[in-house]
Structures are given as C-alpha cells and as structure tokens.
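Trainee: Data file protein31.pdb (PDB, C-alpha atoms) is appended below.
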ATOM      1  CA  MET D   1     101.778 110.775 100.964
ATOM      2  CA  ARG D   2     100.241 113.552 102.938
ATOM      3  CA  HIS D   3      98.734 114.223 106.328
ATOM      4  CA  VAL D   4      95.009 114.869 106.660
ATOM      5  CA  ALA D   5      93.291 116.108 109.786
ATOM      6  CA  PRO D   6      90.921 113.445 111.152
ATOM      7  CA  VAL D   7      87.223 114.094 111.499
ATOM      8  CA  ASN D   8      86.017 114.900 115.009
ATOM      9  CA  ILE D   9      84.749 111.482 116.104
ATOM     10  CA  ALA D  10      83.167 112.963 119.225
ATOM     11  CA  GLY D  11      80.679 114.759 117.002
ATOM     12  CA  LEU D  12      79.577 111.632 115.124
ATOM     13  CA  PRO D  13      76.900 109.036 115.950
ATOM     14  CA  THR D  14      78.366 106.322 118.175
ATOM     15  CA  LEU D  15      78.227 102.620 117.461
ATOM     16  CA  ALA D  16      75.344 102.413 119.943
ATOM     17  CA  ASP D  17      73.551 105.206 118.035
ATOM     18  CA  ILE D  18      74.041 103.333 114.779
ATOM     19  CA  GLU D  19      72.827 100.068 116.280
ATOM     20  CA  ALA D  20      69.728 101.736 117.732
ATOM     21  CA  SER D  21      68.823 103.179 114.310
ATOM     22  CA  LEU D  22      68.842  99.840 112.482
ATOM     23  CA  LYS D  23      66.103  97.422 111.593
ATOM     24  CA  PRO D  24      65.763  94.412 113.949
ATOM     25  CA  THR D  25      67.675  91.973 111.703
ATOM     26  CA  TYR D  26      70.910  93.974 111.807
ATOM     27  CA  LYS D  27      70.249  95.572 115.162
ATOM     28  CA  ALA D  28      70.323  92.278 117.070
ATOM     29  CA  GLU D  29      73.576  91.026 115.532
ATOM     30  CA  ILE D  30      75.436  94.266 116.236
ATOM     31  CA  ALA D  31      73.917  94.692 119.697
ATOM     32  CA  ASN D  32      75.402  91.353 120.733
ATOM     33  CA  ALA D  33      78.866  92.528 119.719
ATOM     34  CA  ILE D  34      78.856  96.168 120.857
ATOM     35  CA  THR D  35      80.982  95.741 123.979
ATOM     36  CA  PRO D  36      83.891  93.852 122.343
ATOM     37  CA  ILE D  37      83.792  96.195 119.340
ATOM     38  CA  GLU D  38      83.930  99.302 121.538
ATOM     39  CA  ASN D  39      86.829  97.764 123.450
ATOM     40  CA  ALA D  40      88.553  97.167 120.103
ATOM     41  CA  TYR D  41      88.070 100.865 119.271
ATOM     42  CA  GLU D  42      89.977 101.758 122.432
ATOM     43  CA  ARG D  43      92.815  99.412 121.496
ATOM     44  CA  PHE D  44      92.890 100.925 117.997
ATOM     45  CA  ASP D  45      93.278 104.436 119.415
ATOM     46  CA  ALA D  46      96.009 103.322 121.817
ATOM     47  CA  ALA D  47      97.948 101.533 119.048
ATOM     48  CA  LYS D  48      97.927 104.172 116.297
ATOM     49  CA  PRO D  49      99.976 104.565 114.278
ATOM     50  CA  ASP D  50     102.971 102.320 115.006
ATOM     51  CA  GLY D  51     101.098  99.465 116.641
ATOM     52  CA  LEU D  52      98.071  99.173 114.395
ATOM     53  CA  HIS D  53      99.563  96.307 112.389
ATOM     54  CA  THR D  54     100.124  94.348 115.617
ATOM     55  CA  LEU D  55      96.463  94.247 116.656
ATOM     56  CA  ASP D  56      94.650  90.923 116.641
ATOM     57  CA  PRO D  57      91.095  90.526 115.308
ATOM     58  CA  ILE D  58      88.525  89.956 118.043
ATOM     59  CA  GLY D  59      86.804  87.098 116.223
ATOM     60  CA  LEU D  60      83.288  88.288 115.457
ATOM     61  CA  SER D  61      80.610  85.848 114.424
ATOM     62  CA  LEU D  62      79.816  85.455 110.735
ATOM     63  CA  ASN D  63      76.389  87.067 111.246
ATOM     64  CA  ALA D  64      77.911  90.086 113.002
ATOM     65  CA  ARG D  65      80.465  90.466 110.226
ATOM     66  CA  ARG D  66      77.745  90.356 107.581
ATOM     67  CA  ALA D  67      75.612  92.867 109.486
ATOM     68  CA  LEU D  68      78.497  95.340 109.770
ATOM     69  CA  GLU D  69      79.366  94.926 106.097
ATOM     70  CA  THR D  70      75.762  95.543 105.055
ATOM     71  CA  VAL D  71      75.480  98.652 107.225
ATOM     72  CA  PHE D  72      78.697  99.978 105.678
ATOM     73  CA  SER D  73      77.912  99.194 102.050
ATOM     74  CA  ARG D  74      74.307 100.438 102.236
ATOM     75  CA  ARG D  75      74.996 103.254 104.712
ATOM     76  CA  LEU D  76      72.105 102.114 106.844
ATOM     77  CA  GLY D  77      70.674 104.022 109.791
ATOM     78  CA  THR D  78      72.753 106.804 111.276
ATOM     79  CA  PHE D  79      75.892 105.383 109.698
ATOM     80  CA  GLY D  80      74.832 107.360 106.629
ATOM     81  CA  ALA D  81      75.270 110.508 108.720
ATOM     82  CA  VAL D  82      78.749 109.319 109.727
ATOM     83  CA  MET D  83      79.786 108.942 106.101
ATOM     84  CA  ASP D  84      78.265 112.287 105.154
ATOM     85  CA  ALA D  85      80.178 113.979 107.967
ATOM     86  CA  ILE D  86      83.444 112.310 106.919
ATOM     87  CA  ASN D  87      82.995 113.309 103.280
ATOM     88  CA  ASP D  88      82.011 116.862 104.194
ATOM     89  CA  HIS D  89      85.022 117.131 106.490
ATOM     90  CA  PHE D  90      87.487 116.211 103.771
ATOM     91  CA  ALA D  91      85.729 118.378 101.219
ATOM     92  CA  ASP D  92      86.118 121.313 103.614
ATOM     93  CA  THR D  93      89.897 120.857 103.722
ATOM     94  CA  GLY D  94      90.038 122.222 100.168
ATOM     95  CA  ASN D  95      92.288 119.394  99.004
ATOM     96  CA  SER D  96      90.821 116.427  97.204
ATOM     97  CA  THR D  97      94.024 114.547  96.436
ATOM     98  CA  CYS D  98      94.426 111.052  97.829
ATOM     99  CA  PRO D  99      96.471 110.990 101.072
ATOM    100  CA  TYR D 100      98.087 107.708 100.076
ATOM    101  CA  CYS D 101      99.644 109.084  96.874
ATOM    102  CA  ASN D 102      99.026 112.860  96.997
ATOM    103  CA  PHE D 103      98.165 112.403  93.350
ATOM    104  CA  GLY D 104      94.770 110.911  92.448
ATOM    105  CA  GLU D 105      91.394 112.237  93.448
ATOM    106  CA  GLN D 106      89.561 110.869  96.482
ATOM    107  CA  TRP D 107      86.697 108.646  95.352
ATOM    108  CA  GLU D 108      86.523 105.955  98.015
ATOM    109  CA  GLN D 109      87.031 105.246 101.714
ATOM    110  CA  ASP D 110      89.786 102.811 102.590
ATOM    111  CA  HIS D 111      89.705 100.689 105.726
ATOM    112  CA  TYR D 112      93.260 101.202 106.989
ATOM    113  CA  LEU D 113      92.932  97.878 108.796
ATOM    114  CA  PRO D 114      90.973  95.903 106.191
ATOM    115  CA  LYS D 115      87.423  95.016 107.131
ATOM    116  CA  SER D 116      87.951  91.502 105.779
ATOM    117  CA  ALA D 117      90.508  90.857 108.535
ATOM    118  CA  PHE D 118      89.170  93.307 111.140
ATOM    119  CA  PRO D 119      85.378  93.493 110.725
ATOM    120  CA  GLU D 120      85.152  95.194 114.140
ATOM    121  CA  PHE D 121      86.550  98.370 112.543
ATOM    122  CA  THR D 122      84.183  98.356 109.543
ATOM    123  CA  LEU D 123      82.195 101.336 110.847
ATOM    124  CA  TYR D 124      84.934 103.102 112.831
ATOM    125  CA  ALA D 125      85.655 106.573 111.447
ATOM    126  CA  ALA D 126      89.280 106.460 112.637
ATOM    127  CA  ASN D 127      89.802 103.469 110.340
ATOM    128  CA  LEU D 128      88.262 105.146 107.271
ATOM    129  CA  VAL D 129      90.833 107.008 105.183
ATOM    130  CA  PRO D 130      90.017 108.776 101.894
ATOM    131  CA  ILE D 131      91.735 107.078  98.965
ATOM    132  CA  CYS D 132      91.756 107.074  95.166
ATOM    133  CA  LYS D 133      90.743 104.047  93.131
ATOM    134  CA  VAL D 134      94.280 103.286  91.984
ATOM    135  CA  CYS D 135      95.728 103.254  95.503
ATOM    136  CA  ASN D 136      92.785 101.281  96.828
ATOM    137  CA  GLY D 137      93.331  98.684  94.122
ATOM    138  CA  LYS D 138      97.018  98.400  95.003
ATOM    139  CA  LYS D 139      96.574  98.431  98.769
ATOM    140  CA  ARG D 140      93.733  95.909  98.734
ATOM    141  CA  ALA D 141      93.573  94.100 102.100
ATOM    142  CA  ARG D 142      97.267  94.538 102.864
ATOM    143  CA  TYR D 143      98.411  96.278 106.027
ATOM    144  CA  GLN D 144     101.580  94.437 107.105
ATOM    145  CA  ALA D 145     104.284  92.207 105.667
ATOM    146  CA  ASP D 146     106.638  90.049 107.694
ATOM    147  CA  GLY D 147     105.415  91.773 110.826
ATOM    148  CA  GLU D 148     106.181  95.273 109.510
ATOM    149  CA  ARG D 149     103.649  98.032 108.877
ATOM    150  CA  LEU D 150     103.157  98.662 105.164
ATOM    151  CA  PHE D 151     101.351 101.989 104.961
ATOM    152  CA  LEU D 152     101.440 105.403 106.574
ATOM    153  CA  TYR D 153      98.475 106.370 108.716
ATOM    154  CA  ALA D 154      97.459 109.688 107.169
ATOM    155  CA  PHE D 155      95.638 110.977 110.242
ATOM    156  CA  SER D 156      98.731 111.188 112.432
ATOM    157  CA  GLU D 157     101.792 111.070 110.171
ATOM    158  CA  LEU D 158     103.563 113.465 107.776
ATOM    159  CA  ASN D 159     102.102 116.519 109.512
ATOM    160  CA  GLY D 160     104.502 119.344 108.621
ATOM    161  CA  VAL D 161     107.031 117.021 106.982
ATOM    162  CA  THR D 162     108.301 118.320 103.628
ATOM    163  CA  GLY D 163     110.968 117.555 101.054
ATOM    164  CA  LEU D 164     110.293 113.828 100.831
ATOM    165  CA  LEU D 165     110.687 113.516  97.059
ATOM    166  CA  ASN D 166     113.872 113.493  95.003
ATOM    167  CA  VAL D 167     113.534 114.124  91.271
ATOM    168  CA  ASP D 168     116.132 113.324  88.651
ATOM    169  CA  VAL D 169     115.798 114.320  84.991
ATOM    170  CA  ALA D 170     118.029 112.743  82.353
ATOM    171  CA  TYR D 171     118.141 114.498  78.987
ATOM    172  CA  GLU D 172     120.199 112.048  76.936
ATOM    173  CA  PRO D 173     119.647 109.892  74.966
ATOM    174  CA  ALA D 174     116.004 110.806  75.630
ATOM    175  CA  ILE D 175     114.366 112.854  78.335
ATOM    176  CA  ASN D 176     113.441 110.742  81.357
ATOM    177  CA  VAL D 177     112.096 111.597  84.818
ATOM    178  CA  SER D 178     112.588 109.449  87.909
ATOM    179  CA  TYR D 179     111.428 109.836  91.510
ATOM    180  CA  SER D 180     112.866 108.500  94.727
ATOM    181  CA  LEU D 181     112.447 109.203  98.420
ATOM    182  CA  ALA D 182     114.580 111.614 100.405
ATOM    183  CA  ASP D 183     115.283 110.809 104.039
ATOM    184  CA  THR D 184     115.194 114.308 105.530
ATOM    185  CA  GLY D 185     115.558 113.054 109.083
ATOM    186  CA  GLU D 186     112.196 114.603 110.014
ATOM    187  CA  LEU D 187     110.264 111.356 109.818
ATOM    188  CA  GLU D 188     110.798 108.804 112.560
ATOM    189  CA  ASN D 189     109.046 106.079 110.585
ATOM    190  CA  TYR D 190     110.980 106.501 107.349
ATOM    191  CA  ALA D 191     111.047 102.734 106.795
ATOM    192  CA  VAL D 192     107.233 102.731 106.725
ATOM    193  CA  LEU D 193     107.283 105.552 104.184
ATOM    194  CA  ASP D 194     109.655 103.539 102.007
ATOM    195  CA  ARG D 195     107.408 100.452 102.141
ATOM    196  CA  HIS D 196     104.371 102.672 101.431
ATOM    197  CA  PHE D 197     106.156 104.229  98.415
ATOM    198  CA  GLN D 198     107.102 100.831  96.992
ATOM    199  CA  ALA D 199     103.801  99.045  97.699
ATOM    200  CA  LEU D 200     101.797 101.725  95.879
ATOM    201  CA  ASP D 201     104.301 101.963  92.997
ATOM    202  CA  LEU D 202     104.505 105.708  93.517
ATOM    203  CA  GLY D 203     107.859 106.220  91.814
ATOM    204  CA  ARG D 204     106.595 104.821  88.523
ATOM    205  CA  ARG D 205     103.225 106.553  88.787
ATOM    206  CA  TYR D 206     104.811 109.931  89.488
ATOM    207  CA  SER D 207     107.379 109.456  86.722
ATOM    208  CA  ARG D 208     104.737 108.606  84.148
ATOM    209  CA  GLN D 209     102.717 111.728  84.941
ATOM    210  CA  ALA D 210     105.819 113.912  85.166
ATOM    211  CA  SER D 211     106.992 112.699  81.756
ATOM    212  CA  SER D 212     103.728 113.893  80.229
ATOM    213  CA  THR D 213     104.048 117.237  82.008
ATOM    214  CA  LEU D 214     107.644 117.643  80.872
ATOM    215  CA  ALA D 215     106.765 116.835  77.260
ATOM    216  CA  ARG D 216     104.072 119.514  77.387
ATOM    217  CA  LEU D 217     106.540 122.050  78.814
ATOM    218  CA  VAL D 218     109.043 121.272  76.082
ATOM    219  CA  ARG D 219     106.412 121.900  73.414
ATOM    220  CA  THR D 220     105.353 125.139  75.112
ATOM    221  CA  PHE D 221     108.843 126.531  75.630
ATOM    222  CA  ARG D 222     110.136 125.622  72.170
ATOM    223  CA  THR D 223     107.677 127.947  70.455
ATOM    224  CA  PRO D 224     109.167 131.033  68.790
ATOM    225  CA  VAL D 225     107.529 133.317  71.340
ATOM    226  CA  SER D 226     109.037 131.486  74.321
ATOM    227  CA  LEU D 227     112.458 131.113  72.719
ATOM    228  CA  GLY D 228     112.375 134.801  71.956
ATOM    229  CA  LEU D 229     112.316 135.550  75.684
ATOM    230  CA  GLY D 230     115.856 134.298  76.054
ATOM    231  CA  ARG D 231     117.333 131.896  78.564
ATOM    232  CA  ARG D 232     117.197 134.168  81.580
ATOM    233  CA  GLN D 233     113.519 135.023  81.223
ATOM    234  CA  LEU D 234     112.614 131.438  80.472
ATOM    235  CA  GLN D 235     114.392 130.309  83.631
ATOM    236  CA  ARG D 236     112.469 132.934  85.578
ATOM    237  CA  ARG D 237     109.202 131.603  84.150
ATOM    238  CA  ILE D 238     110.024 128.125  85.412
ATOM    239  CA  GLU D 239     110.923 129.501  88.839
ATOM    240  CA  GLN D 240     107.575 131.318  88.949
ATOM    241  CA  MET D 241     105.736 128.157  87.965
ATOM    242  CA  ALA D 242     107.419 126.329  90.851
ATOM    243  CA  GLU D 243     106.429 129.108  93.270
ATOM    244  CA  ASP D 244     102.830 129.030  92.040
ATOM    245  CA  ARG D 245     102.621 125.239  92.341
ATOM    246  CA  ALA D 246     104.066 125.388  95.859
ATOM    247  CA  ALA D 247     101.262 127.766  96.863
ATOM    248  CA  GLN D 248      98.583 125.559  95.313
ATOM    249  CA  SER D 249      99.753 122.084  96.310
ATOM    250  CA  PRO D 250     100.098 120.183  99.575
ATOM    251  CA  PRO D 251     103.637 119.306 100.694
ATOM    252  CA  ASN D 252     105.465 116.538  98.833
ATOM    253  CA  HIS D 253     103.400 116.900  95.674
ATOM    254  CA  TRP D 254     104.943 115.253  92.613
ATOM    255  CA  GLU D 255     104.462 118.274  90.326
ATOM    256  CA  PHE D 256     105.960 120.800  92.717
ATOM    257  CA  ALA D 257     108.946 118.476  93.194
ATOM    258  CA  LEU D 258     109.388 118.353  89.418
ATOM    259  CA  LEU D 259     109.118 122.107  88.873
ATOM    260  CA  ASP D 260     111.346 122.837  91.848
ATOM    261  CA  HIS D 261     113.980 120.549  90.350
ATOM    262  CA  LEU D 262     113.733 122.277  86.969
ATOM    263  CA  ALA D 263     113.971 125.691  88.631
ATOM    264  CA  SER D 264     117.031 124.745  90.671
ATOM    265  CA  SER D 265     119.376 124.379  87.697
ATOM    266  CA  ALA D 266     119.808 125.627  84.158
ATOM    267  CA  ASP D 267     119.777 122.145  82.610
ATOM    268  CA  PHE D 268     116.170 122.212  81.421
ATOM    269  CA  VAL D 269     116.504 125.636  79.805
ATOM    270  CA  ALA D 270     119.711 124.479  78.122
ATOM    271  CA  TYR D 271     117.839 121.461  76.782
ATOM    272  CA  ILE D 272     115.084 123.722  75.422
ATOM    273  CA  PHE D 273     117.553 125.881  73.509
ATOM    274  CA  ASN D 274     119.584 122.946  72.279
TER     275      ASN D 274
END
Translate this file's structure into structure tokens.
Mentor:
Amino acid sequence: MRHVAPVNIAGLPTLADIEASLKPTYKAEIANAITPIENAYERFDAAKPDGLHTLDPIGLSLNARRALETVFSRRLGTFGAVMDAINDHFADTGNSTCPYCNFGEQWEQDHYLPKSAFPEFTLYAANLVPICKVCNGKKRARYQADGERLFLYAFSELNGVTGLLNVDVAYEPAINVSYSLADTGELENYAVLDRHFQALDLGRRYSRQASSTLARLVRTFRTPVSLGLGRRQLQRRIEQMAEDRAAQSPPNHWEFALLDHLASSADFVAYIFN
C-alpha cells in the first residue's frame, strides 16, 4: 500500500527494439503482432488507473503468446536491459518494501493486468509492478471482481496519501493487535483500497507481525533497567521510537502505525507496569 514512481519508459528499449534483437523464431511471431500490441499500450496508458480493469484482451495467437512469455521468462534480447533498468530504478528509490503490502521485500515483478489474460502487456514496463512473493501468491491472476477493480495501481495512486491505517490494541484478557483502514477523505478510490486490503489479507498479516513486535517490546520494557526509568521516561522512549520509525519508513507502514498508536496514549506503559 504505497506509491512508487514509475520507471521512465521513454528511456527503455521499445517493443520494436526488443523484437529486432530476437532470434528468428521469436522475432517473426512478435513482428506479426507489433502494431496491435503497441495500440494496446496506448489504450493501457489512457485507461490507468481506474479503467484498467475494463480493458479487453486483443486476442493474440497462441504462438505470439508463447513467444512473449518466453522472452519475458528468459529475458531474451534487449528485454533483459528493460528488466535491469526496472530493477535498478526501484533499487535507487532506497525502499525495497513491496508496494502492494508495504511490508514484504520485493523479489518479483507482478503483471498488474495478468499476462495469462492480457499477453499483449507481458513485456510492457507500465504493467510490471514490484511485488513480494506473498502478495504475488495472493493476487495471482486476479485484477477485477464483479466488474470492480481489485488492486491499487502503485504507479499513480497513494502519492502523498497518509494515515490509512487504524491500529487497535486490546490488553485484556490477552494482548491483541488489530488493523483496519481509515478513510481519510484524501483517496478518491477508497473502495479499491478496501478491496486491495481484503484481497491481500493485509489486516491479518500486519496483526501477526505487530503481535510479535509488541511481545518483544513487552519483554524489553519489563526489564529492571527499563522499569527503573519510570513511566514518563518510558513513554518518551516509545514516542521517540515512533518518530524514528516515521523517518525511516514510507507512509502507511504497519510498524509506524503501531508505534504511533502506542505513543498516543498511556495504555501500553500502564500495561508494562501492571
């Protein structure tokens, strides 16, 4: 759940460049489909983000589909340079967390419109979004449900939008952390965010990680040294941890939301001393 700046497509090899760099077997199949694929790219750009789920596949031949898939999976010809440029671009942002969850590390490239349904976008950089293995496994080939868009398009949404996570901590009968979405009014497509949050099971995933973090904090703060600081100093330590995490994390990060919640009231410190 975070925005990422897209790679500069104008600086990458074009589909024609990729086709020209291939061996004859793949070259011929893609050459026959270049014009309709390039037209599909234009429709993709005109539709993003709200209309992407409404696009219709152009109906490529089985041989063209297989050629595109092979070029992608083997990074053949100058498509290898495209992938290198995409990976370098995201590495240069200094943030390796998955845009879909803002949680896991980026290990793969997701086809926002799945290549199984839209093979024409198999090699299109605007359709390749960095993603972690867990999110990729949950997203699979889904992109819409009942005519509604399922997932945020990280390249043009959530830019500058903050405060999207609510955190609630219950201390009795046992400590428990839960996450939900906050409709701040900043996001026009809040319904898409809600479907995205549910489809990727983000509430449960965040809660599970936060529970481990909270258990570690309890162990740390219940040591004699920490208890000896007193309630006021311990509260200040939590506030400083929240400030530090805010400086280190992208907006809407699960851990900052947790620490900010703990810092906003005295309930956690009271639990530590009780």
Trainee: Out of D:Ala182, D:Val269, D:Leu164, D:Ala257, which residue has the shortest atom-to-atom distance to D:Arg222 when counting all atoms listed in the file?
Mentor: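 Among the listed residues, the smallest separation from D:Arg222 belongs to D:Val269.
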Trainee: Which residues match the PyMOL selection byres ((chain D and resi 168-181) around 10) in the file above, as a ChimeraX atom specification?
Mentor: /D:163-167,182-184,190,193-194,197-198,202-212,214-215,254,257-258,261-262,267-268,271
Trainee: Enter the distance from atom CA of D:Arg216 to atom CA of D:Ile131, in Å, rounded to one decimal.
Mentor: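 Computing the Euclidean distance for atom CA of D:Arg216 and atom CA of D:Ile131 yields 27.8 Å.
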Trainee: Using the chain letters and numbers from the file, give me the residues hit by the PyMOL selection byres ((chain D and resi 102) around 8), as a PyMOL selection string.
Mentor: chain D and resi 1-2+97-101+103-104+250+252-254
Trainee: Nearest to D:Phe90 among D:Ile272, D:Cys132, D:Val4, D:Ala242, with distances taken over only C-alpha atoms: which residue is it?
Mentor: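 When distances to D:Phe90 are compared using only C-alpha atoms, the smallest one comes from D:Val4.
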Trainee: May I have the residues within 12 Å of D:Arg43 as a list in words, using all atoms listed in the file and disregarding those fewer than 4 positions away in the same chain?
Mentor: Pro36, Ile37, Glu38, Asn39, Ala47, Lys48, Pro49, Gly51, Leu52, His53, Thr54, Leu55, Asp56, Pro57, Ile58, Glu120, Phe121 and Ala126 of chain D
Trainee: Can you measure atom CA of D:Ser21 to atom CA of D:Val82 for me? One decimal in Å is fine.
Mentor: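 So the answer is 12.5 Å.
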Trainee: Please write as a list in words the full residue list that the PyMOL selection byres ((chain D and resi 150-159) around 8) yields on this file.
Mentor: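 On the file shown, the PyMOL selection byres ((chain D and resi 150-159) around 8) covers Met1, Arg2, His3, Val4, Ala5, Pro6, Lys48, Pro49, Pro99, Tyr100, Tyr112, Val129, Arg142, Tyr143, Gln144, Ala145, Glu148, Arg149, Gly160, Val161, Thr162, Leu187, Val192, Leu193, Arg195, His196 and Ala199 of chain D.
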Trainee: How would the residues just chosen look if you wrote them out with C-alpha atoms as a compact mmCIF listing (two decimals), in the coordinates of the input?
Mentor:
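Result written to again00.txt:
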# COMPACT_ATOMS: atom_id res chain seq x y z
CA MET D 1 101.78 110.78 100.96
CA ARG D 2 100.24 113.55 102.94
CA HIS D 3 98.73 114.22 106.33
CA VAL D 4 95.01 114.87 106.66
CA ALA D 5 93.29 116.11 109.79
CA PRO D 6 90.92 113.44 111.15
CA LYS D 48 97.93 104.17 116.30
CA PRO D 49 99.98 104.56 114.28
CA PRO D 99 96.47 110.99 101.07
CA TYR D 100 98.09 107.71 100.08
CA TYR D 112 93.26 101.20 106.99
CA VAL D 129 90.83 107.01 105.18
CA ARG D 142 97.27 94.54 102.86
CA TYR D 143 98.41 96.28 106.03
CA GLN D 144 101.58 94.44 107.10
CA ALA D 145 104.28 92.21 105.67
CA GLU D 148 106.18 95.27 109.51
CA ARG D 149 103.65 98.03 108.88
CA GLY D 160 104.50 119.34 108.62
CA VAL D 161 107.03 117.02 106.98
CA THR D 162 108.30 118.32 103.63
CA LEU D 187 110.26 111.36 109.82
CA VAL D 192 107.23 102.73 106.72
CA LEU D 193 107.28 105.55 104.18
CA ARG D 195 107.41 100.45 102.14
CA HIS D 196 104.37 102.67 101.43
CA ALA D 199 103.80 99.04 97.70
Trainee: Give me the residues near D:Gln109 as a VMD selection string, where near means some atom within 12 Å (using only C-alpha atoms) and where sequence neighbours in that chain fewer than 2 positions away do not count.
Mentor: chain D and resid 72 to 73 83 to 84 86 to 87 90 98 to 100 105 to 107 111 to 115 122 to 133 135 to 137 140
Trainee: Work out how far atom CA of D:Pro119 is from atom CA of D:Arg65, in Å to one decimal.
Mentor: 5.8 Å
Trainee: Could you give me the centre and size, in Å to one decimal, of an axis-aligned box around all listed atoms of stretch 233-246 of chain D with 8 Å added on every side, as lines of an AutoDock Vina configuration file?
Mentor:
center_x = 108.5
center_y = 130.1
center_z = 88.2
size_x = 27.8
size_y = 25.8
size_z = 31.4
